[in-house]
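Student: Contents are mmCIF, C-alpha atoms and all ligand atoms; file name input.cif:
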```
data_target
loop_
_atom_site.label_atom_id
_atom_site.label_comp_id
_atom_site.auth_asym_id
_atom_site.auth_seq_id
_atom_site.Cartn_x
_atom_site.Cartn_y
_atom_site.Cartn_z
CA MET F 1464 -34.75 -25.25 -0.03
CA SER F 1465 -31.20 -24.82 1.23
CA GLU F 1466 -30.33 -22.22 3.78
CA LYS F 1467 -28.40 -19.22 2.54
CA VAL F 1468 -25.08 -17.80 3.62
CA VAL F 1469 -23.58 -14.47 2.55
CA LEU F 1470 -19.82 -14.67 2.07
CA ALA F 1471 -17.47 -11.67 1.98
CA TYR F 1472 -15.70 -12.30 -1.29
CA SER F 1473 -12.51 -10.66 -2.53
CA GLY F 1474 -12.05 -12.79 -5.64
CA GLY F 1475 -8.80 -14.28 -4.32
CA VAL F 1476 -7.97 -17.94 -3.99
CA ASP F 1477 -8.97 -18.30 -0.35
CA THR F 1478 -12.43 -16.83 -0.62
CA SER F 1479 -12.98 -18.66 -3.92
CA VAL F 1480 -12.16 -21.94 -2.23
CA ALA F 1481 -14.48 -20.83 0.56
CA ILE F 1482 -17.45 -20.65 -1.84
CA LYS F 1483 -17.00 -24.29 -2.78
CA TRP F 1484 -16.10 -25.46 0.70
CA VAL F 1485 -19.05 -23.80 2.43
CA ALA F 1486 -21.46 -25.02 -0.23
CA GLU F 1487 -20.18 -28.60 0.11
CA LYS F 1488 -19.68 -28.84 3.83
CA TYR F 1489 -22.74 -26.93 5.01
CA LYS F 1490 -24.99 -27.67 2.03
CA MET F 1491 -25.89 -24.01 1.85
CA ASP F 1492 -26.52 -21.64 -1.02
CA VAL F 1493 -23.68 -19.15 -1.14
CA VAL F 1494 -24.35 -15.52 -1.98
CA THR F 1495 -21.13 -13.56 -2.33
CA LEU F 1496 -20.68 -9.93 -1.42
CA THR F 1497 -17.76 -7.96 -2.80
CA VAL F 1498 -17.33 -4.55 -1.24
CA ASP F 1499 -15.29 -1.90 -3.01
CA VAL F 1500 -13.56 0.22 -0.39
CA GLY F 1501 -11.02 1.40 -2.92
CA ASN F 1502 -8.54 -0.30 -5.18
CA VAL F 1503 -10.63 -3.26 -6.21
CA PRO F 1504 -9.76 -3.88 -9.83
CA ASN F 1505 -12.35 -5.30 -12.19
CA LEU F 1506 -15.44 -5.89 -10.11
CA GLU F 1507 -17.23 -7.53 -13.03
CA ALA F 1508 -14.54 -10.20 -13.30
CA ILE F 1509 -14.91 -10.88 -9.59
CA ARG F 1510 -18.66 -11.28 -9.97
CA ASP F 1511 -18.22 -13.69 -12.89
CA LYS F 1512 -15.68 -15.71 -10.97
CA ALA F 1513 -17.97 -16.04 -7.94
CA LEU F 1514 -20.79 -17.36 -10.11
CA LYS F 1515 -18.46 -19.67 -12.00
CA VAL F 1516 -17.11 -21.19 -8.81
CA GLY F 1517 -20.64 -21.86 -7.58
CA ALA F 1518 -22.23 -18.85 -5.91
CA VAL F 1519 -25.99 -18.62 -6.46
CA LYS F 1520 -25.75 -14.86 -6.54
CA ALA F 1521 -22.89 -12.35 -6.56
CA VAL F 1522 -23.50 -8.91 -5.10
CA ILE F 1523 -21.10 -6.02 -5.76
CA MET F 1524 -21.16 -2.81 -3.74
CA ASP F 1525 -19.29 0.41 -4.18
CA ALA F 1526 -18.83 1.54 -0.58
CA ARG F 1527 -15.98 3.98 -1.14
CA ASP F 1528 -18.00 7.05 -0.31
CA ILE F 1529 -19.45 5.67 2.95
CA PHE F 1530 -16.04 4.29 3.85
CA VAL F 1531 -14.48 7.71 3.55
CA LYS F 1532 -17.29 9.73 5.13
CA GLN F 1533 -18.22 7.45 8.00
CA PHE F 1534 -15.01 5.62 8.79
CA VAL F 1535 -11.86 7.23 7.38
CA PHE F 1536 -12.60 10.90 8.02
CA PRO F 1537 -13.90 10.38 11.56
CA ALA F 1538 -10.68 8.45 12.23
CA LEU F 1539 -8.68 11.30 10.72
CA GLN F 1540 -10.50 13.79 12.94
CA ALA F 1541 -9.50 11.60 15.87
CA ASP F 1542 -5.87 11.50 14.62
CA ALA F 1543 -6.22 7.73 14.91
CA ILE F 1544 -3.00 5.79 14.49
CA TYR F 1545 -2.30 2.41 16.09
CA GLU F 1546 0.87 2.26 18.16
CA GLY F 1547 1.92 5.54 16.60
CA GLN F 1548 2.57 3.80 13.27
CA TYR F 1549 -0.41 2.23 11.56
CA PRO F 1550 -3.20 4.45 10.17
CA LEU F 1551 -5.67 1.56 10.54
CA ALA F 1552 -6.77 1.12 6.93
CA THR F 1553 -7.77 -2.54 7.18
CA ALA F 1554 -9.14 -2.13 10.68
CA LEU F 1555 -11.46 0.69 9.54
CA ALA F 1556 -12.88 -1.23 6.61
CA ARG F 1557 -13.83 -4.35 8.56
CA PRO F 1558 -16.79 -2.97 10.53
CA LEU F 1559 -18.19 -1.49 7.32
CA ILE F 1560 -17.89 -4.78 5.47
CA ALA F 1561 -19.47 -6.53 8.47
CA LYS F 1562 -22.39 -4.10 8.37
CA LEU F 1563 -22.92 -4.64 4.63
CA LEU F 1564 -22.69 -8.42 5.06
CA VAL F 1565 -25.42 -8.21 7.67
CA ASP F 1566 -27.56 -5.94 5.47
CA VAL F 1567 -27.34 -8.34 2.54
CA ALA F 1568 -27.95 -11.34 4.80
CA LEU F 1569 -31.17 -9.77 6.09
CA GLU F 1570 -32.27 -8.84 2.57
CA GLU F 1571 -31.58 -12.32 1.28
CA GLY F 1572 -33.13 -14.08 4.25
CA ALA F 1573 -29.81 -15.78 4.95
CA THR F 1574 -29.18 -17.59 8.21
CA ALA F 1575 -25.42 -17.16 8.20
CA VAL F 1576 -22.58 -14.94 7.07
CA SER F 1577 -19.07 -15.99 6.24
CA HIS F 1578 -15.60 -14.47 5.86
CA GLY F 1579 -12.20 -15.75 4.82
CA CYS F 1580 -10.24 -14.75 7.92
CA THR F 1581 -7.82 -17.14 9.53
CA GLY F 1582 -7.84 -17.91 13.22
CA LYS F 1583 -4.74 -15.93 14.13
CA GLY F 1584 -5.40 -12.43 12.89
CA ASN F 1585 -7.27 -9.34 14.00
CA ASP F 1586 -9.75 -9.34 11.16
CA GLN F 1587 -11.71 -12.36 12.42
CA VAL F 1588 -12.25 -10.49 15.69
CA ARG F 1589 -13.40 -7.33 13.94
CA PHE F 1590 -15.85 -9.23 11.76
CA ASP F 1591 -17.24 -11.51 14.42
CA VAL F 1592 -17.65 -8.88 17.13
CA SER F 1593 -19.35 -6.48 14.70
CA ILE F 1594 -21.66 -9.15 13.28
CA ASN F 1595 -22.60 -10.35 16.76
CA VAL F 1596 -23.64 -6.81 17.69
CA LEU F 1597 -25.53 -6.03 14.49
CA ALA F 1598 -27.34 -9.34 14.03
CA PRO F 1599 -26.82 -11.75 16.91
CA HIS F 1600 -29.03 -14.38 15.30
CA LEU F 1601 -26.72 -14.88 12.32
CA LYS F 1602 -24.34 -17.83 12.37
CA ILE F 1603 -20.76 -17.02 11.43
CA ILE F 1604 -18.84 -19.41 9.25
CA ALA F 1605 -15.11 -18.82 8.94
CA PRO F 1606 -13.88 -21.62 6.69
CA ALA F 1607 -10.19 -20.66 6.76
CA ARG F 1608 -10.33 -20.80 10.54
CA ASP F 1609 -11.98 -24.23 10.43
CA TRP F 1610 -10.39 -26.07 7.57
CA GLY F 1611 -6.79 -25.85 8.72
CA MET F 1612 -5.49 -26.12 5.15
CA THR F 1613 -1.98 -24.98 4.33
CA ARG F 1614 -1.42 -22.70 1.39
CA GLU F 1615 -0.52 -25.69 -0.77
CA GLU F 1616 -3.57 -27.67 0.25
CA THR F 1617 -5.77 -24.69 -0.55
CA ILE F 1618 -4.29 -24.49 -4.02
CA LYS F 1619 -4.70 -28.27 -4.52
CA TYR F 1620 -8.33 -27.96 -3.44
CA ALA F 1621 -8.79 -25.13 -5.92
CA GLN F 1622 -7.26 -27.17 -8.74
CA LYS F 1623 -9.34 -30.21 -7.89
CA HIS F 1624 -12.52 -28.16 -8.07
CA GLY F 1625 -11.63 -26.22 -11.18
CA ILE F 1626 -11.33 -22.93 -9.34
CA PRO F 1627 -9.29 -20.59 -11.55
CA LEU F 1628 -5.97 -19.56 -10.00
CA PRO F 1629 -4.41 -16.24 -10.94
CA VAL F 1630 -2.41 -16.66 -14.14
CA THR F 1631 0.35 -14.33 -13.03
CA ALA F 1632 2.99 -15.73 -10.73
CA LYS F 1633 1.47 -15.61 -7.27
CA SER F 1634 2.70 -12.66 -5.28
CA PRO F 1635 4.74 -13.89 -2.33
CA TYR F 1636 2.83 -11.50 -0.10
CA SER F 1637 -0.56 -11.37 1.53
CA ILE F 1638 -2.12 -8.06 0.65
CA ASP F 1639 -5.09 -6.13 1.93
CA GLU F 1640 -5.75 -2.72 0.53
CA ASN F 1641 -8.29 0.07 0.47
CA LEU F 1642 -8.31 3.82 -0.07
CA TRP F 1643 -6.61 4.54 3.24
CA GLY F 1644 -3.72 2.15 2.89
CA ARG F 1645 -2.16 -1.09 1.79
CA SER F 1646 -0.96 -3.83 4.10
CA ILE F 1647 1.75 -6.25 3.01
CA GLU F 1648 2.46 -9.41 5.01
CA CYS F 1649 4.09 -12.84 4.70
CA GLY F 1650 6.99 -14.13 2.60
CA VAL F 1651 10.39 -12.68 3.43
CA LEU F 1652 8.73 -9.96 5.50
CA GLU F 1653 8.22 -12.51 8.27
CA ASP F 1654 11.91 -12.13 9.08
CA PRO F 1655 12.01 -8.81 10.94
CA TRP F 1656 15.73 -8.42 10.12
CA THR F 1657 15.10 -8.48 6.36
CA GLU F 1658 14.56 -5.13 4.70
CA PRO F 1659 11.28 -5.11 2.75
CA PRO F 1660 12.19 -5.69 -0.90
CA GLU F 1661 11.11 -3.08 -3.42
CA ASP F 1662 8.60 -5.51 -4.94
CA ALA F 1663 6.55 -5.33 -1.74
CA PHE F 1664 5.61 -1.76 -2.61
CA LEU F 1665 3.14 -0.71 -5.22
CA TRP F 1666 1.89 2.73 -4.20
CA THR F 1667 5.14 4.36 -3.14
CA LYS F 1668 8.44 5.03 -4.81
CA SER F 1669 11.54 4.42 -2.82
CA ALA F 1670 12.63 7.74 -1.28
CA SER F 1671 15.98 7.51 -3.07
CA GLU F 1672 14.22 7.18 -6.44
CA ALA F 1673 11.82 10.04 -5.75
CA PRO F 1674 12.32 13.33 -7.61
CA ASP F 1675 14.72 15.85 -6.09
CA LYS F 1676 12.31 18.66 -6.78
CA PRO F 1677 9.73 18.98 -4.00
CA ALA F 1678 6.00 19.24 -4.65
CA TYR F 1679 3.75 21.50 -2.59
CA ILE F 1680 0.13 20.83 -1.85
CA GLU F 1681 -2.48 22.86 -0.03
CA ILE F 1682 -5.13 20.94 1.84
CA GLU F 1683 -8.22 22.76 3.01
CA PHE F 1684 -10.11 21.39 5.99
CA GLU F 1685 -13.61 22.14 7.21
CA LYS F 1686 -14.30 21.03 10.78
CA GLY F 1687 -11.42 18.60 10.59
CA VAL F 1688 -12.43 17.10 7.26
CA PRO F 1689 -10.38 17.70 4.09
CA VAL F 1690 -12.60 19.32 1.46
CA ALA F 1691 -10.29 20.84 -1.12
CA LEU F 1692 -6.90 20.34 -2.67
CA ASP F 1693 -4.93 23.24 -4.09
CA GLY F 1694 -8.02 25.39 -3.96
CA LYS F 1695 -10.21 22.89 -5.78
CA LYS F 1696 -13.20 21.41 -3.93
CA MET F 1697 -13.16 17.63 -4.12
CA ASP F 1698 -15.13 14.72 -2.81
CA GLY F 1699 -13.29 12.69 -0.18
CA VAL F 1700 -12.64 9.66 -2.38
CA SER F 1701 -10.99 11.71 -5.14
CA LEU F 1702 -9.06 13.83 -2.68
CA ILE F 1703 -7.57 10.81 -0.93
CA GLN F 1704 -6.73 9.17 -4.24
CA ARG F 1705 -5.02 12.31 -5.51
CA VAL F 1706 -2.98 12.86 -2.34
CA SER F 1707 -2.08 9.18 -2.34
CA ASP F 1708 -0.74 9.25 -5.90
CA LEU F 1709 1.21 12.42 -5.37
CA ALA F 1710 2.70 11.56 -1.99
CA GLY F 1711 3.44 8.02 -3.15
CA SER F 1712 5.38 9.34 -6.12
CA HIS F 1713 7.54 11.28 -3.64
CA GLY F 1714 8.24 8.16 -1.61
CA ILE F 1715 6.01 9.08 1.32
CA GLY F 1716 3.99 6.69 3.46
CA ARG F 1717 6.01 3.52 3.95
CA VAL F 1718 5.73 1.97 7.38
CA ASP F 1719 7.69 -1.01 8.73
CA HIS F 1720 7.09 -2.04 12.29
CA ILE F 1721 6.48 -4.79 14.78
CA GLU F 1722 2.82 -4.65 15.68
CA ASN F 1723 1.02 -6.07 18.69
CA ARG F 1724 -1.93 -8.06 17.44
CA LEU F 1725 -5.06 -8.38 19.50
CA VAL F 1726 -4.63 -12.16 19.59
CA GLY F 1727 -1.38 -11.77 21.50
CA ILE F 1728 1.30 -12.22 18.88
CA LYS F 1729 3.73 -9.70 17.53
CA SER F 1730 3.83 -9.48 13.78
CA ARG F 1731 6.04 -7.63 11.35
CA GLU F 1732 3.79 -5.29 9.42
CA VAL F 1733 4.63 -3.33 6.34
CA TYR F 1734 2.25 -0.67 5.06
CA GLU F 1735 1.96 1.91 2.37
CA ALA F 1736 -0.28 4.77 3.39
CA PRO F 1737 0.78 7.90 1.55
CA ALA F 1738 -2.52 9.79 1.80
CA ALA F 1739 -3.02 8.89 5.45
CA THR F 1740 0.52 9.98 6.30
CA VAL F 1741 0.08 13.39 4.71
CA LEU F 1742 -3.49 14.05 5.84
CA LEU F 1743 -2.88 13.00 9.44
CA GLN F 1744 0.12 15.30 9.61
CA ALA F 1745 -1.73 18.20 8.04
CA HIS F 1746 -4.71 17.68 10.33
CA LEU F 1747 -2.52 17.71 13.43
CA ALA F 1748 -0.90 20.93 12.22
CA LEU F 1749 -4.26 22.62 11.89
CA GLU F 1750 -5.33 21.41 15.31
CA ALA F 1751 -2.14 22.85 16.78
CA MET F 1752 -3.25 26.23 15.48
CA THR F 1753 -6.95 26.09 16.35
CA LEU F 1754 -7.22 24.12 19.60
CA SER F 1755 -6.16 25.39 22.99
CA LYS F 1756 -3.26 23.86 24.86
CA ASP F 1757 -5.66 22.02 27.17
CA GLN F 1758 -7.79 20.73 24.33
CA LEU F 1759 -4.69 19.45 22.54
CA ARG F 1760 -3.38 17.71 25.61
CA PHE F 1761 -6.63 16.01 26.39
CA LYS F 1762 -7.17 14.98 22.79
CA GLN F 1763 -3.71 13.43 22.71
CA LYS F 1764 -4.78 11.19 25.58
CA VAL F 1765 -7.84 10.13 23.64
CA VAL F 1766 -5.88 9.19 20.51
CA PRO F 1767 -4.51 5.84 21.75
CA GLU F 1768 -7.89 4.91 23.25
CA TYR F 1769 -9.66 5.68 20.01
CA SER F 1770 -7.02 3.95 17.89
CA ASP F 1771 -7.01 0.84 20.05
CA LEU F 1772 -10.74 0.46 19.88
CA ILE F 1773 -10.67 0.62 16.09
CA TYR F 1774 -7.81 -1.86 15.99
CA ASN F 1775 -9.50 -4.16 18.47
CA GLY F 1776 -12.76 -4.47 16.55
CA LEU F 1777 -14.84 -2.33 18.90
CA TRP F 1778 -16.33 0.05 16.34
CA PHE F 1779 -19.94 -0.71 17.19
CA THR F 1780 -19.71 0.06 20.89
CA ALA F 1781 -20.97 2.66 23.32
CA GLN F 1782 -17.37 3.54 24.17
CA HIS F 1783 -16.80 4.43 20.54
CA GLN F 1784 -19.93 6.57 20.43
CA ASP F 1785 -18.80 8.47 23.49
CA LEU F 1786 -15.30 9.10 22.18
CA ALA F 1787 -16.60 10.00 18.73
CA THR F 1788 -18.94 12.56 20.24
CA TYR F 1789 -16.02 14.14 22.06
CA VAL F 1790 -13.87 14.15 18.93
CA GLN F 1791 -16.64 15.73 16.84
CA SER F 1792 -16.98 18.47 19.39
CA THR F 1793 -13.25 19.23 19.23
CA GLN F 1794 -13.42 19.74 15.48
CA ARG F 1795 -15.82 22.68 15.32
CA TYR F 1796 -13.06 25.23 14.63
CA VAL F 1797 -10.56 22.95 12.89
CA THR F 1798 -11.10 24.81 9.65
CA GLY F 1799 -8.36 26.24 7.48
CA THR F 1800 -5.61 25.39 5.05
CA VAL F 1801 -2.33 23.56 5.49
CA ARG F 1802 0.56 23.65 3.03
CA VAL F 1803 2.66 20.49 2.86
CA LYS F 1804 5.97 19.98 1.13
CA LEU F 1805 6.53 16.52 -0.32
CA CYS F 1806 10.13 15.60 -0.91
CA LYS F 1807 12.23 12.45 -0.92
CA GLY F 1808 10.12 10.34 1.40
CA ARG F 1809 9.20 13.15 3.73
CA ALA F 1810 6.07 15.22 4.14
CA ALA F 1811 6.64 18.45 6.02
CA VAL F 1812 4.05 21.00 7.01
CA VAL F 1813 5.44 24.34 5.92
CA GLY F 1814 2.43 26.62 6.28
CA ARG F 1815 -0.96 26.82 7.96
CA LYS F 1816 -3.77 29.36 8.21
CA SER F 1817 -7.24 29.46 9.71
CA PRO F 1818 -10.02 31.97 10.29
CA TYR F 1819 -10.11 30.54 13.82
CA SER F 1820 -6.38 30.61 14.39
CA LEU F 1821 -5.38 31.12 18.01
CA TYR F 1822 -1.94 32.20 16.87
CA SER F 1823 -1.61 35.96 17.19
CA PHE F 1824 1.17 37.68 15.33
CA GLY F 1825 0.87 40.70 17.60
CA LEU F 1826 1.46 38.56 20.67
CA ALA F 1827 4.20 36.36 19.18
CA THR F 1828 6.36 38.89 17.36
CA TYR F 1829 9.72 40.16 18.58
CA ASP F 1830 9.54 42.94 16.02
CA ARG F 1831 7.67 46.19 15.98
CA GLY F 1832 3.95 45.87 16.64
CA ASP F 1833 4.46 43.74 19.74
CA GLN F 1834 1.24 43.79 21.75
CA PHE F 1835 2.42 41.58 24.55
CA ASP F 1836 2.66 43.56 27.80
CA GLN F 1837 6.05 42.42 29.05
CA SER F 1838 5.72 44.43 32.24
CA ALA F 1839 2.76 42.26 33.26
CA SER F 1840 5.05 39.23 33.34
CA VAL F 1841 6.60 40.40 36.59
CA GLY F 1842 3.32 40.13 38.49
CA PHE F 1843 2.46 36.89 36.74
CA ILE F 1844 5.76 35.33 37.75
CA HIS F 1845 5.36 36.62 41.31
CA ILE F 1846 2.11 34.69 41.71
CA TRP F 1847 3.10 31.66 39.58
CA GLY F 1848 6.22 31.17 41.71
CA LEU F 1849 4.48 31.83 45.03
CA PRO F 1850 3.91 28.17 46.07
CA VAL F 1851 7.45 27.30 45.00
CA ARG F 1852 8.91 30.04 47.18
CA ILE F 1853 6.76 29.09 50.15
CA GLN F 1854 7.70 25.43 49.94
CA ALA F 1855 11.35 26.22 49.46
CA LYS F 1856 11.23 28.36 52.56
CA VAL F 1857 9.40 25.88 54.76
CA GLN F 1858 10.88 22.58 53.58
CA GLN F 1859 13.70 22.76 51.11
CA ILE F 1860 15.82 25.72 51.76
CA GLY F 1861 19.04 23.71 51.76
CA GLU F 1862 21.60 23.13 49.04
CA PRO F 1863 20.98 20.60 46.26
CA GLU F 1864 22.59 17.34 47.33
CA GLY F 1865 23.68 14.13 45.63
CA PRO F 1866 23.66 13.24 41.96
CA LEU F 1867 19.97 14.05 41.58
CA GLY F 1868 20.35 17.48 43.12
CA ILE F 1869 17.63 16.82 45.67
CA LEU F 1870 17.06 19.76 47.96
CA LYS F 1871 17.72 18.84 51.56
CA PRO F 1872 16.22 20.80 54.47
CA LYS F 1873 18.67 23.11 56.14
CA LYS F 1874 19.76 22.24 59.66
CA LYS F 1875 17.47 23.47 62.39
CA GLY F 1876 18.35 26.91 63.49
CA ALA F 1877 20.12 27.85 60.26
CA LYS F 1878 18.90 30.98 58.61
N1 LIG D 1 -2.14 -5.76 10.69
C1 LIG D 1 -3.16 -5.01 10.08
C2 LIG D 1 -4.41 -5.08 10.90
O1 LIG D 1 -4.54 -5.90 11.74
C3 LIG D 1 -3.38 -5.41 8.64
C4 LIG D 1 -4.08 -6.70 8.44
C5 LIG D 1 -4.23 -7.03 7.01
N2 LIG D 1 -5.21 -8.05 6.85
C6 LIG D 1 -5.14 -9.02 5.95
N3 LIG D 1 -6.10 -9.89 5.96
N4 LIG D 1 -4.15 -9.11 5.11
O2 LIG D 1 -5.30 -4.30 10.72
#
```
As a first step, turn the structure in this file into structure tokens.
Ligand code: ARG
Tutor:
Amino acid sequence: MSEKVVLAYSGGVDTSVAIKWVAEKYKMDVVTLTVDVGNVPNLEAIRDKALKVGAVKAVIMDARDIFVKQFVFPALQADAIYEGQYPLATALARPLIAKLLVDVALEEGATAVSHGCTGKGNDQVRFDVSINVLAPHLKIIAPARDWGMTREETIKYAQKHGIPLPVTAKSPYSIDENLWGRSIECGVLEDPWTEPPEDAFLWTKSASEAPDKPAYIEIEFEKGVPVALDGKKMDGVSLIQRVSDLAGSHGIGRVDHIENRLVGIKSREVYEAPAATVLLQAHLALEAMTLSKDQLRFKQKVVPEYSDLIYNGLWFTAQHQDLATYVQSTQRYVTGTVRVKLCKGRAAVVGRKSPYSLYSFGLATYDRGDQFDQSASVGFIHIWGLPVRIQAKVQQIGEPEGPLGILKPKKKGAK
């Protein structure tokens, strides 16, 4: 009996070629696993194609709910965004797919798992590191990293082996998408001076084409997790989908930046992430109202750490557990509602409320009803400024000097 390998299968040309290639080269039985983390059209067609190309079994899994609950929302609670630009959609899905690959491999008694990543991206790292942690005994086969075929050679191979190619003209882009966002690479986008053409975008209208009339949405959060939209309770998958459609139709969520890959290269990355853009902004707004100044400051230091570890494939690590525990703890009062205005490519928070709001009207107002004791400020300032006055007296009582206005000590003996 041949050994088995479980291959992460998207239904595209590369992973279809991989079925054949792995079966031929390694003489293994290929079981495919297709994971739906959102926006996978026609799962049945993908299953049929896998079997037709030569898989011995084709497994399909709807993982949208786990993806949202265990990956996307915890990342939202952490305000995770890589290099301040990328909401990490692909990066978040990889550890989940790795986990499901391992689960199926164990169930099937497979000795290896396989994925279609090339040798120059981040995804290979995310898969391999996660698989190595979860099931160190499994071999990892990454055909696209091994075979060194160009795009053309891959297509030739497919034709030679009767692997069906998409009938529609091949998109010039390499796409990866899930509920949290869509990544568009390759083609003309590889020239960082070229503006992304409109045909790169599928989820978002161009801001100039978006309606002039703004739309308002109200997002309700419970402990940092969105639970309702415009007063209607919703499961996470539906909520994200709804916000995505609406924000996308107002031209929100396009990202175009030069990203630092883990493997050392800079790449031009274009994303569409309408829901992530809106929800991250709304979540931050609610945190601003419910967390103390110190909590906010410290959390802001954690954001790049947390985001980098997701980007860098370190989901299944102790460091992640530690940071996630901290983030969870910060979210206990991040409950309330945020109103967001969507208009012409821009999402703006225009209202927020929370039963745990630290904002006090009585303390903030300049109108009648002011509860702030202004007379107490005098004593506060006296003590706050005490060390400054002492130091100025002992060391820096002179005039500001030079272009930087540095205080020079007065001459000895001067008063
Ligand atoms: N640059 C993004 C990341 O590293 C998106 C990668 C998209 N992956 C893909 N195989 N097309 O997470």
Student: Can I get the residues close to ligand LIG 1 (chain D) as number ranges by chain, where close means within 7 Å and we count all atoms listed in the file?
Tutor: F: 1551-1554, 1580, 1584-1586, 1637-1639, 1646-1648, 1724, 1732, 1774
Student: Considering only C-alpha atoms, can you say which of F:Glu1735, F:Glu1616, F:Asp1698, F:Glu1653 comes closest to F:Trp1666?
Tutor: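 Answer, going by the shortest atom-to-atom distance: F:Glu1735.
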Student: Mind listing whatever residues come within 9 Å of the point (-17.9, -23.2, -2.7)? Use all atoms listed in the file, file coordinates, and give them as JSON, numbers by chain.
Tutor: {"F": [1478, 1479, 1480, 1481, 1482, 1483, 1484, 1485, 1486, 1487, 1488, 1492, 1493, 1513, 1516, 1517, 1518]}
Student: If I take atom CA of F:Gly1868 and atom CA of F:Ile1846, how far is one from the other in Å, to one decimal?
Tutor: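 A separation of 25.1 Å between them.
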Student: How far is it from atom CA of F:Ala1556 to atom CA of F:Tyr1734, in Å with one decimal?
Tutor: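 Atom-to-atom, atom CA of F:Ala1556 to atom CA of F:Tyr1734, that is 15.2 Å.
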Student: Which residue gives the smallest distance to F:Met1491 among F:Leu1470, F:Leu1628, F:Cys1806, F:Val1567, with only C-alpha atoms counted?
Tutor: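 Of all the options, F:Leu1470 lies closest to F:Met1491.
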Student: Which one of F:Gly1711, F:Gly1644, F:Gly1799, F:Gly1776 sits closest to F:Val1588 if you count only C-alpha atoms?
Tutor: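 Closest residue, counting only C-alpha atoms: F:Gly1776.
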Student: Enter the distance from atom CA of F:Thr1581 to atom CA of F:Trp1610, in Å, rounded to one decimal.
Tutor: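 Separation of atom CA of F:Thr1581 and atom CA of F:Trp1610: 9.5 Å.
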Student: Determine, counting all atoms listed in the file, which protein, DNA and RNA residues have an atom within 10 Å of an atom of F:Ile1560; residues of the same chain fewer than 5 positions away are not included. Present the result as a list of chain:residue names.
Tutor: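 Residues near the query, excluding close chain neighbours: F:Ala1471, F:Leu1496, F:Thr1497, F:Val1498, F:Asp1499, F:Val1500, F:Met1524, F:Ala1526, F:Phe1530, F:Leu1555, F:Val1565, F:Asp1566, F:His1578, F:Arg1589, F:Phe1590, F:Ser1593, F:Ile1594.
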Student: I need the residues from that last selection saved to file as an mmCIF file, in the frame of the given file (with C-alpha atoms), if you can.
Tutor:
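Writing the result to part-v9.cif gives the following:
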```cif
data_model
loop_
_atom_site.group_PDB
_atom_site.id
_atom_site.type_symbol
_atom_site.label_atom_id
_atom_site.label_comp_id
_atom_site.auth_asym_id
_atom_site.auth_seq_id
_atom_site.Cartn_x
_atom_site.Cartn_y
_atom_site.Cartn_z
ATOM 1 C CA ALA F 1471 -17.470 -11.670 1.980
ATOM 2 C CA LEU F 1496 -20.680 -9.930 -1.420
ATOM 3 C CA THR F 1497 -17.760 -7.960 -2.800
ATOM 4 C CA VAL F 1498 -17.330 -4.550 -1.240
ATOM 5 C CA ASP F 1499 -15.290 -1.900 -3.010
ATOM 6 C CA VAL F 1500 -13.560 0.220 -0.390
ATOM 7 C CA MET F 1524 -21.160 -2.810 -3.740
ATOM 8 C CA ALA F 1526 -18.830 1.540 -0.580
ATOM 9 C CA PHE F 1530 -16.040 4.290 3.850
ATOM 10 C CA LEU F 1555 -11.460 0.690 9.540
ATOM 11 C CA VAL F 1565 -25.420 -8.210 7.670
ATOM 12 C CA ASP F 1566 -27.560 -5.940 5.470
ATOM 13 C CA HIS F 1578 -15.600 -14.470 5.860
ATOM 14 C CA ARG F 1589 -13.400 -7.330 13.940
ATOM 15 C CA PHE F 1590 -15.850 -9.230 11.760
ATOM 16 C CA SER F 1593 -19.350 -6.480 14.700
ATOM 17 C CA ILE F 1594 -21.660 -9.150 13.280
#
```
